Every structure is written in C-alpha cells, then in structure tokens.
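File shown: work-v7.cif (mmCIF, C-alpha atoms).
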```
data_my_file
loop_
_atom_site.label_atom_id
_atom_site.label_comp_id
_atom_site.auth_asym_id
_atom_site.auth_seq_id
_atom_site.Cartn_x
_atom_site.Cartn_y
_atom_site.Cartn_z
CA MET A 91 133.05 111.11 97.19
CA ALA A 92 131.73 110.39 100.67
CA HIS A 93 128.26 108.91 100.92
CA SER A 94 125.77 110.49 103.31
CA LYS A 95 124.00 108.59 106.06
CA SER A 96 120.73 108.90 104.15
CA ASP A 97 122.33 107.28 101.08
CA GLN A 98 123.39 104.34 103.24
CA GLU A 99 119.92 104.05 104.75
CA VAL A 100 118.30 104.01 101.32
CA SER A 101 120.82 101.40 100.13
CA ASP A 102 120.14 99.19 103.15
CA PHE A 103 116.40 99.59 102.67
CA LEU A 104 116.52 98.58 99.00
CA LEU A 105 118.75 95.59 99.74
CA ARG A 106 116.35 94.34 102.41
CA ALA A 107 113.36 94.86 100.11
CA CYS A 108 115.09 92.95 97.29
CA HIS A 109 116.03 90.14 99.68
CA ASP A 110 112.46 89.71 100.92
CA LEU A 111 110.98 89.84 97.42
CA ARG A 112 113.57 87.41 96.08
CA THR A 113 112.93 84.95 98.93
CA SER A 114 109.17 84.91 98.35
CA ALA A 115 109.57 84.78 94.56
CA ARG A 116 111.94 81.81 94.92
CA ILE A 117 109.32 79.95 96.97
CA VAL A 118 106.75 80.49 94.23
CA ARG A 119 109.12 79.56 91.41
CA THR A 120 110.55 76.43 93.05
CA ASN A 121 107.17 74.96 93.94
CA ALA A 122 105.66 75.90 90.58
CA GLU A 123 108.52 74.09 88.83
CA LEU A 124 107.99 71.01 90.98
CA PHE A 125 104.29 71.17 90.23
CA LEU A 126 104.94 71.30 86.47
CA LYS A 127 107.50 68.52 86.74
CA ASP A 128 104.84 66.28 88.28
CA GLY A 129 102.53 67.12 85.41
CA GLY A 130 99.83 68.25 87.79
CA ALA A 131 99.31 64.69 88.96
CA PRO A 132 97.58 64.43 92.36
CA ARG A 133 100.58 62.92 94.09
CA ARG A 134 101.72 63.13 97.67
CA GLY A 135 102.74 66.70 98.49
CA PHE A 136 100.57 68.15 95.71
CA GLU A 137 98.43 70.31 98.02
CA GLN A 138 101.45 71.33 100.05
CA ARG A 139 103.22 72.69 96.97
CA LEU A 140 100.12 74.62 95.96
CA GLY A 141 99.98 76.00 99.48
CA PHE A 142 103.60 77.18 99.25
CA ILE A 143 102.84 78.90 95.93
CA VAL A 144 99.81 80.69 97.34
CA GLU A 145 101.68 81.73 100.50
CA GLY A 146 104.66 83.00 98.52
CA ALA A 147 102.38 85.06 96.29
CA ARG A 148 100.55 86.42 99.35
CA ARG A 149 103.82 87.56 100.90
CA ILE A 150 104.88 89.30 97.70
CA ASP A 151 101.52 91.08 97.60
CA LEU A 152 101.79 92.20 101.24
CA LEU A 153 105.36 93.38 100.74
CA LEU A 154 104.44 95.41 97.66
CA ASP A 155 101.54 97.00 99.57
CA GLY A 156 103.94 97.84 102.39
CA LEU A 157 106.49 99.35 100.03
CA ALA A 158 103.78 101.48 98.40
CA SER A 159 102.61 102.73 101.81
CA TYR A 160 106.18 103.48 102.88
CA SER A 161 106.78 105.39 99.66
CA ILE A 162 103.66 107.49 100.28
CA ALA A 163 104.78 108.17 103.86
CA LEU A 164 108.10 109.49 102.57
CA GLN A 165 106.21 112.07 100.49
CA THR A 166 104.54 113.65 103.53
CA GLU A 167 105.03 117.42 103.26
CA ALA A 168 104.02 120.34 105.46
CA ALA A 169 102.04 121.84 102.57
CA SER A 170 99.48 119.04 103.04
CA PHE A 171 98.92 119.76 106.76
CA GLN A 172 95.59 121.09 107.97
CA ALA A 173 93.57 121.37 111.17
CA THR A 174 92.57 117.77 111.82
CA ARG A 175 90.32 116.21 114.44
CA ALA A 176 92.24 113.17 115.64
CA ASP A 177 89.13 111.56 117.17
CA VAL A 178 87.30 111.66 113.83
CA LEU A 179 90.26 110.01 112.08
CA LEU A 180 90.42 107.32 114.76
CA ARG A 181 86.73 106.51 114.32
CA LEU A 182 87.27 106.16 110.56
CA VAL A 183 90.15 103.76 111.20
CA LEU A 184 88.05 101.73 113.66
CA THR A 185 85.34 101.41 111.03
CA LYS A 186 87.90 100.22 108.47
CA LEU A 187 89.35 97.64 110.90
CA ASP A 188 85.98 96.60 112.35
CA GLU A 189 86.05 93.05 110.98
CA GLU A 190 89.65 92.41 112.08
CA LEU A 191 88.93 93.74 115.55
CA ARG A 192 85.74 91.73 115.98
CA GLU A 193 87.39 88.49 114.82
CA CYS A 194 89.84 88.56 117.73
CA GLY A 195 87.44 90.09 120.25
CA ALA A 196 89.44 93.31 120.50
CA GLU A 197 88.13 96.20 122.55
CA VAL A 198 89.37 99.69 121.67
CA THR A 199 88.67 102.62 123.96
CA TYR A 200 89.82 106.22 123.73
CA TRP A 201 89.58 109.51 125.54
CA GLU A 202 88.90 112.82 123.85
CA LEU A 203 91.57 113.48 121.25
CA PRO A 204 92.71 116.95 120.14
CA VAL A 205 92.65 118.92 116.93
CA VAL A 206 96.15 118.84 115.46
CA THR A 207 97.85 120.27 112.40
CA ALA A 208 98.56 117.23 110.25
CA ASN A 209 98.03 115.39 107.00
CA PRO A 210 94.78 113.51 107.77
CA ASP A 211 95.52 110.52 105.54
CA ARG A 212 98.98 110.03 107.01
CA LEU A 213 97.78 110.36 110.61
CA MET A 214 95.17 107.69 109.83
CA GLN A 215 98.04 105.44 108.73
CA VAL A 216 99.70 105.91 112.10
CA PHE A 217 96.56 104.93 114.02
CA GLU A 218 95.88 102.01 111.68
CA ASN A 219 99.39 100.58 111.90
CA LEU A 220 99.57 100.90 115.69
CA LEU A 221 96.18 99.21 116.11
CA ARG A 222 97.12 96.41 113.72
CA ASN A 223 100.41 95.97 115.57
CA ALA A 224 98.52 95.50 118.84
CA VAL A 225 96.20 92.93 117.26
CA VAL A 226 98.98 90.93 115.57
CA HIS A 227 101.11 90.77 118.72
CA ARG A 228 98.26 90.12 121.11
CA GLY A 229 98.61 87.87 124.11
CA PRO A 230 96.51 84.86 125.15
CA THR A 231 93.55 87.08 126.02
CA ALA A 232 91.51 89.32 123.72
CA PRO A 233 93.26 92.61 122.88
CA ARG A 234 92.43 95.62 125.03
CA ILE A 235 93.71 98.83 123.44
CA HIS A 236 93.41 102.32 124.86
CA ILE A 237 94.29 105.56 123.05
CA SER A 238 94.73 108.91 124.74
CA ALA A 239 96.42 112.28 124.27
CA ALA A 240 97.73 114.92 126.65
CA ARG A 241 99.08 118.43 126.11
CA GLN A 242 102.72 118.80 127.15
CA ALA A 243 104.33 122.22 126.68
CA ASN A 244 104.44 122.81 122.91
CA HIS A 245 103.29 119.36 121.74
CA TRP A 246 100.62 116.72 122.12
CA LEU A 247 101.64 113.33 123.49
CA PHE A 248 99.57 110.44 122.09
CA THR A 249 99.59 107.04 123.78
CA VAL A 250 98.43 103.72 122.32
CA ARG A 251 98.52 101.12 125.09
CA ASP A 252 97.76 97.39 124.75
CA ASN A 253 97.68 94.25 126.88
CA GLY A 254 99.67 92.11 124.44
CA ARG A 255 102.74 89.93 124.76
CA GLY A 256 105.06 92.85 125.26
CA ILE A 257 108.48 93.53 123.76
CA GLU A 258 111.96 92.87 125.07
CA ALA A 259 113.85 96.02 126.04
CA ALA A 260 116.63 95.26 123.54
CA LEU A 261 114.14 95.44 120.66
CA LEU A 262 112.32 98.66 121.56
CA GLU A 263 114.36 100.76 119.12
CA SER A 264 114.91 98.25 116.31
CA ILE A 265 111.18 97.57 115.84
CA PHE A 266 110.93 100.95 114.08
CA THR A 267 113.54 99.90 111.49
CA PRO A 268 112.16 98.78 108.09
CA PHE A 269 111.73 95.00 107.75
CA GLU A 270 112.36 94.29 111.44
CA ARG A 271 109.78 91.76 112.63
CA LEU A 272 108.91 90.29 115.98
CA GLN A 273 108.55 86.53 115.78
CA ASP A 274 104.94 85.61 115.08
CA LYS A 275 104.05 82.11 113.96
CA GLU A 276 100.45 82.89 113.07
CA ARG A 277 100.82 85.93 110.84
CA TRP A 278 103.60 87.11 108.56
CA GLY A 279 103.91 90.79 107.71
CA PRO A 280 106.37 92.85 105.67
CA GLY A 281 107.81 94.52 108.78
CA LEU A 282 107.09 98.08 107.60
CA GLY A 283 104.16 99.20 109.76
CA LEU A 284 106.15 100.78 112.59
CA ALA A 285 108.74 102.17 110.17
CA ILE A 286 105.89 103.92 108.34
CA CYS A 287 104.64 105.34 111.65
CA ARG A 288 108.09 106.71 112.48
CA THR A 289 108.49 108.29 109.04
CA ILE A 290 105.10 110.01 109.22
CA VAL A 291 105.50 111.24 112.80
CA GLU A 292 109.01 112.60 112.17
CA ARG A 293 107.85 114.41 109.03
CA HIS A 294 105.24 116.10 111.21
CA GLY A 295 107.98 117.33 113.52
CA GLY A 296 107.33 114.75 116.24
CA ARG A 297 108.92 111.55 117.50
CA ILE A 298 107.74 108.04 118.32
CA TRP A 299 108.93 105.40 120.76
CA ALA A 300 107.74 102.40 122.75
CA GLU A 301 107.93 101.21 126.33
CA SER A 302 107.25 97.60 127.27
CA GLN A 303 108.21 94.47 129.12
CA PRO A 304 107.61 90.87 128.01
CA GLU A 305 104.14 89.59 128.96
CA SER A 306 103.15 93.05 130.24
CA GLY A 307 101.72 94.73 127.17
CA ALA A 308 103.23 97.69 125.38
CA ALA A 309 102.71 101.44 125.17
CA PHE A 310 103.52 103.32 121.99
CA TYR A 311 103.99 107.06 122.32
CA PHE A 312 104.19 109.69 119.62
CA THR A 313 104.22 113.47 119.69
CA LEU A 314 102.81 116.08 117.35
CA PRO A 315 103.43 119.82 117.58
CA ALA A 316 100.65 121.86 119.22
CA ASP A 317 99.63 125.23 117.82
#
```

The structure given in the file should be rewritten as structure tokens.
Amino acid sequence: MAHSKSDQEVSDFLLRACHDLRTSARIVRTNAELFLKDGGAPRRGFEQRLGFIVEGARRIDLLLDGLASYSIALQTEAASFQATRADVLLRLVLTKLDEELRECGAEVTYWELPVVTANPDRLMQVFENLLRNAVVHRGPTAPRIHISAARQANHWLFTVRDNGRGIEAALLESIFTPFERLQDKERWGPGLGLAICRTIVERHGGRIWAESQPESGAAFYFTLPAD
C-alpha cells in the first residue's frame, strides 16, 4: 500500500522529535551516572556535570512544551473561528511578553490591525511566536519590531518586520519546517515556533513566508481571509 505524503511528514516529525528527546535525555543520564559514580564528592568538574544535567532537563521541558503547542495547533478547526480584533490579541501578547521584551530593550510598534475571522487563541500563538523569533534572533542593537496589516483583494496581509540579524535566502523556506533551527549560541529552542505559525495560518486558509537578507533584518508575512 502506498503511503501518502502526510504519512511521511508525520513519520519524519516523530523521528525528529524522538531524536531531540533522546539526545537531551542522554545528556541527563550520562552526567547523572558520572555524578553518582563520584559519590557526590566535590571534585573537579562537579559543577559542570550538574550544569549539563540542568541544561538537558531544561531542553526536554522546552521540547515537550513545543510539542504540546504544535499538537494544539494541529487541532485548529473552522468551527472555533469567530470575529476577532487582532489589535486586542496583540496587546495581550505584548503584556505576556513584557518582561522578555524589556530585558533586551525591545520596542514593538504597530498600526491599526483589522477584525478577522479566526481562532483567537491560535492567532495569539502566531503573534507570540513571531515576536519571540525576532527577540531570539536579534542583532547587536536592541530589537525594533513593527507589525502592520493591509487589505489585499480577498485577504488581509499581516507583516511583522524586525531589525535583527537576518536570514540567508537558502533558509527562508526551511525555517518553517519542524525542528529547523538557526544557529544561536545564546539560546536553544525546540525549533517549532515557526512551524506552529505555518500550521495555524494554513488552517485558517492563509499562507506564511519570510523575506530577508543577512544583517538586514527580516519581514514575516502571513495572510488571513477577509470577509
């Protein structure tokens, strides 16, 4: 029996998830075993091993959170759509991310956003993940993020633009694939944020893409149908 493309995508997704969980779990197990072998004695490398254990556990926790969010995104159905003020949702997201934004000196501006037919919780996920993406991949200066929307024929075009490090052209499509990560030495993530955005937007009947050049910031675009 021939397997469908969706079957292959699910298989690839599960294999990548298992690989990432196994890698982090192995870090925890190996360093815990070394710690027990030393009898807890405060020897050289003691703190480093504890650090590896904590970091491995943190990565497992982040990955499980990401998998839960991705699972919820996959359950987005039209029956849950309602008239939704995008600007109100954005303000709620900004309140939630206030501490993260202030820590890096981020400035978020936005123009008037429309009322759209959407699942409010899922649309909040899109804004949250795009804002977090801009913060994580910021450049040497404080993040400057601008969000806008414009009516185009039968849909709304949303734009989330930042002044970050930018993205190489060859990666502009793959960044929306689950577990694909841009190199970032300061902060590890599960690599699911943009995949979640794509899943949610597509289940609303829209599409999402990015335009960017290295060291020139990035612009993420997504569309939602207009009534």

Contacts of Leu111 in chain A at 9 Å or less, counting only C-alpha atoms, minus same-chain residues fewer than 5 places along, as a CSV table (one decimal) with C-alpha atoms, in the frame of the given file?
```csv
chain,number,residue,atom,x,y,z
A,106,ARG,CA,116.4,94.3,102.4
A,116,ARG,CA,111.9,81.8,94.9
A,149,ARG,CA,103.8,87.6,100.9
A,150,ILE,CA,104.9,89.3,97.7
A,153,LEU,CA,105.4,93.4,100.7
A,154,LEU,CA,104.4,95.4,97.7
```

Evaluate the PyMOL selection byres ((chain A and resi 175) around 8) and record the selected residues as a PDB file with C-alpha atoms, in the coordinates of the input, following the chain and residue labels used in the document.
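The result, stored in result27.pdb:
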```
ATOM      1  CA  ALA A 173      93.570 121.370 111.170  1.00  0.00           C
ATOM      2  CA  THR A 174      92.570 117.770 111.820  1.00  0.00           C
ATOM      3  CA  ALA A 176      92.240 113.170 115.640  1.00  0.00           C
ATOM      4  CA  ASP A 177      89.130 111.560 117.170  1.00  0.00           C
ATOM      5  CA  VAL A 178      87.300 111.660 113.830  1.00  0.00           C
ATOM      6  CA  LEU A 179      90.260 110.010 112.080  1.00  0.00           C
ATOM      7  CA  LEU A 203      91.570 113.480 121.250  1.00  0.00           C
ATOM      8  CA  PRO A 204      92.710 116.950 120.140  1.00  0.00           C
ATOM      9  CA  VAL A 205      92.650 118.920 116.930  1.00  0.00           C
ATOM     10  CA  VAL A 206      96.150 118.840 115.460  1.00  0.00           C
TER      11      VAL A 206
END
```

(message) Just checking: using all atoms listed in the file, which residue out of A:Glu218, A:Glu292, A:Asp211, A:Glu270 ends up closest to Ile162 in chain A?
(response) A:Asp211

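If all atoms listed in the file are the atoms counted, then among A:Glu202, A:Ala224, A:Gly256, A:Phe269 the closest residue to Leu157 in chain A is A:Phe269.
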
(request) Tell me which residues the PyMOL selection byres ((chain A and resi 213) around 12) grabs here, as a PyMOL selection string. (result) chain A and resi 163+166+170-180+182-183+205-212+214-220+248+286-294+296+312-314

(request) Just give me the gap between CA of Glu123 in chain A and CA of Phe142 in chain A in Å, one decimal is fine. (result) 11.9 Å

(request) Mind giving me the straight-line distance from CA of Leu282 in chain A to CA of Gln242 in chain A in Å, one decimal? (result) 28.8 Å

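Interatomic distance, CA of Val250 in chain A to CA of Pro315 in chain A: 17.5 Å.
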
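Taking all atoms listed in the file into account, Glu258 in chain A lies nearest to A:Glu305 out of the set A:Arg228, A:Trp246, A:Glu305, A:His236.
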
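Using only C-alpha atoms, the smallest distance between any of A:Phe266, A:His245, A:Gly283, A:Gln138 and Val226 in chain A comes from A:Gly283.
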
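Candidate residues A:Ser114, A:Tyr200, A:Asp188, A:Pro268 were compared for distance to Leu152 in chain A, and the nearest is A:Ser114, using all atoms listed in the file.
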
(message) Just checking: using all atoms listed in the file, which residue out of A:Val225, A:Ile237, A:Ala260, A:Ala168 ends up closest to Glu189 in chain A?
(response) A:Val225

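Residues within 9 Å of Arg222 in chain A, counting all atoms listed in the file and excluding same-chain residues fewer than 6 positions away, are Leu187, Glu190, Leu191 and Gly283 of chain A.
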
(request) Convert the output of the PyMOL selection byres ((chain A and resi 230) around 12) on the shown file into explicit residues, formatted as number ranges by chain. (result) A: 194-196, 225-229, 231-234, 253-256, 305-307

Put those residues in a file: C-alpha atoms, as a PDB file, in the frame of the given file.
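Saved file out_5.pdb follows:
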```
ATOM      1  CA  CYS A 194      89.840  88.560 117.730  1.00  0.00           C
ATOM      2  CA  GLY A 195      87.440  90.090 120.250  1.00  0.00           C
ATOM      3  CA  ALA A 196      89.440  93.310 120.500  1.00  0.00           C
ATOM      4  CA  VAL A 225      96.200  92.930 117.260  1.00  0.00           C
ATOM      5  CA  VAL A 226      98.980  90.930 115.570  1.00  0.00           C
ATOM      6  CA  HIS A 227     101.110  90.770 118.720  1.00  0.00           C
ATOM      7  CA  ARG A 228      98.260  90.120 121.110  1.00  0.00           C
ATOM      8  CA  GLY A 229      98.610  87.870 124.110  1.00  0.00           C
ATOM      9  CA  THR A 231      93.550  87.080 126.020  1.00  0.00           C
ATOM     10  CA  ALA A 232      91.510  89.320 123.720  1.00  0.00           C
ATOM     11  CA  PRO A 233      93.260  92.610 122.880  1.00  0.00           C
ATOM     12  CA  ARG A 234      92.430  95.620 125.030  1.00  0.00           C
ATOM     13  CA  ASN A 253      97.680  94.250 126.880  1.00  0.00           C
ATOM     14  CA  GLY A 254      99.670  92.110 124.440  1.00  0.00           C
ATOM     15  CA  ARG A 255     102.740  89.930 124.760  1.00  0.00           C
ATOM     16  CA  GLY A 256     105.060  92.850 125.260  1.00  0.00           C
ATOM     17  CA  GLU A 305     104.140  89.590 128.960  1.00  0.00           C
ATOM     18  CA  SER A 306     103.150  93.050 130.240  1.00  0.00           C
ATOM     19  CA  GLY A 307     101.720  94.730 127.170  1.00  0.00           C
TER      20      GLY A 307
END
```

(request) Extract, using all atoms listed in the file, all DNA, RNA and protein residues at most 9 Å from Phe310 in chain A, discarding same-chain residues fewer than 6 positions from it, and format them as a PyMOL selection string. (result) chain A and resi 220+248-252+298-302

Got a minute to add N, CA, C and O atoms to range 110-126 of chain A and dump it as a PDB file, keeping the file's coordinate frame?
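So out-v1.pdb came out as:
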```pdb
ATOM      1  N   ASP A 110     113.760  90.262 100.564  1.00  0.00           N
ATOM      2  CA  ASP A 110     112.460  89.710 100.920  1.00  0.00           C
ATOM      3  C   ASP A 110     111.655  89.326  99.680  1.00  0.00           C
ATOM      4  O   ASP A 110     111.001  88.280  99.640  1.00  0.00           O
ATOM      5  N   LEU A 111     111.697  90.168  98.649  1.00  0.00           N
ATOM      6  CA  LEU A 111     110.980  89.840  97.420  1.00  0.00           C
ATOM      7  C   LEU A 111     111.573  88.621  96.742  1.00  0.00           C
ATOM      8  O   LEU A 111     110.851  87.743  96.247  1.00  0.00           O
ATOM      9  N   ARG A 112     112.913  88.542  96.718  1.00  0.00           N
ATOM     10  CA  ARG A 112     113.570  87.410  96.080  1.00  0.00           C
ATOM     11  C   ARG A 112     113.257  86.102  96.817  1.00  0.00           C
ATOM     12  O   ARG A 112     113.015  85.070  96.195  1.00  0.00           O
ATOM     13  N   THR A 113     113.233  86.155  98.148  1.00  0.00           N
ATOM     14  CA  THR A 113     112.930  84.950  98.930  1.00  0.00           C
ATOM     15  C   THR A 113     111.532  84.430  98.629  1.00  0.00           C
ATOM     16  O   THR A 113     111.339  83.234  98.386  1.00  0.00           O
ATOM     17  N   SER A 114     110.547  85.324  98.630  1.00  0.00           N
ATOM     18  CA  SER A 114     109.170  84.910  98.350  1.00  0.00           C
ATOM     19  C   SER A 114     109.008  84.455  96.908  1.00  0.00           C
ATOM     20  O   SER A 114     108.303  83.478  96.620  1.00  0.00           O
ATOM     21  N   ALA A 115     109.652  85.169  95.971  1.00  0.00           N
ATOM     22  CA  ALA A 115     109.570  84.780  94.560  1.00  0.00           C
ATOM     23  C   ALA A 115     110.194  83.408  94.336  1.00  0.00           C
ATOM     24  O   ALA A 115     109.697  82.603  93.529  1.00  0.00           O
ATOM     25  N   ARG A 116     111.283  83.108  95.062  1.00  0.00           N
ATOM     26  CA  ARG A 116     111.940  81.810  94.920  1.00  0.00           C
ATOM     27  C   ARG A 116     111.023  80.682  95.406  1.00  0.00           C
ATOM     28  O   ARG A 116     111.001  79.600  94.821  1.00  0.00           O
ATOM     29  N   ILE A 117     110.268  80.948  96.472  1.00  0.00           N
ATOM     30  CA  ILE A 117     109.320  79.950  96.970  1.00  0.00           C
ATOM     31  C   ILE A 117     108.282  79.635  95.902  1.00  0.00           C
ATOM     32  O   ILE A 117     107.973  78.472  95.632  1.00  0.00           O
ATOM     33  N   VAL A 118     107.752  80.687  95.273  1.00  0.00           N
ATOM     34  CA  VAL A 118     106.750  80.490  94.230  1.00  0.00           C
ATOM     35  C   VAL A 118     107.343  79.740  93.044  1.00  0.00           C
ATOM     36  O   VAL A 118     106.763  78.758  92.555  1.00  0.00           O
ATOM     37  N   ARG A 119     108.505  80.163  92.595  1.00  0.00           N
ATOM     38  CA  ARG A 119     109.120  79.560  91.410  1.00  0.00           C
ATOM     39  C   ARG A 119     109.480  78.089  91.648  1.00  0.00           C
ATOM     40  O   ARG A 119     109.175  77.225  90.815  1.00  0.00           O
ATOM     41  N   THR A 120     110.123  77.808  92.772  1.00  0.00           N
ATOM     42  CA  THR A 120     110.550  76.430  93.050  1.00  0.00           C
ATOM     43  C   THR A 120     109.373  75.480  93.096  1.00  0.00           C
ATOM     44  O   THR A 120     109.399  74.400  92.488  1.00  0.00           O
ATOM     45  N   ASN A 121     108.319  75.858  93.813  1.00  0.00           N
ATOM     46  CA  ASN A 121     107.170  74.960  93.940  1.00  0.00           C
ATOM     47  C   ASN A 121     106.356  74.878  92.662  1.00  0.00           C
ATOM     48  O   ASN A 121     105.778  73.837  92.351  1.00  0.00           O
ATOM     49  N   ALA A 122     106.336  75.955  91.871  1.00  0.00           N
ATOM     50  CA  ALA A 122     105.660  75.900  90.580  1.00  0.00           C
ATOM     51  C   ALA A 122     106.391  74.955  89.636  1.00  0.00           C
ATOM     52  O   ALA A 122     105.773  74.184  88.892  1.00  0.00           O
ATOM     53  N   GLU A 123     107.744  74.992  89.670  1.00  0.00           N
ATOM     54  CA  GLU A 123     108.520  74.090  88.830  1.00  0.00           C
ATOM     55  C   GLU A 123     108.313  72.633  89.218  1.00  0.00           C
ATOM     56  O   GLU A 123     108.210  71.756  88.364  1.00  0.00           O
ATOM     57  N   LEU A 124     108.246  72.380  90.518  1.00  0.00           N
ATOM     58  CA  LEU A 124     107.990  71.010  90.980  1.00  0.00           C
ATOM     59  C   LEU A 124     106.591  70.567  90.573  1.00  0.00           C
ATOM     60  O   LEU A 124     106.385  69.406  90.194  1.00  0.00           O
ATOM     61  N   PHE A 125     105.664  71.479  90.629  1.00  0.00           N
ATOM     62  CA  PHE A 125     104.290  71.170  90.230  1.00  0.00           C
ATOM     63  C   PHE A 125     104.229  70.804  88.754  1.00  0.00           C
ATOM     64  O   PHE A 125     103.584  69.822  88.349  1.00  0.00           O
ATOM     65  N   LEU A 126     104.923  71.587  87.907  1.00  0.00           N
ATOM     66  CA  LEU A 126     104.940  71.300  86.470  1.00  0.00           C
ATOM     67  C   LEU A 126     105.677  69.997  86.169  1.00  0.00           C
ATOM     68  O   LEU A 126     105.297  69.240  85.274  1.00  0.00           O
TER      69      LEU A 126
END
```
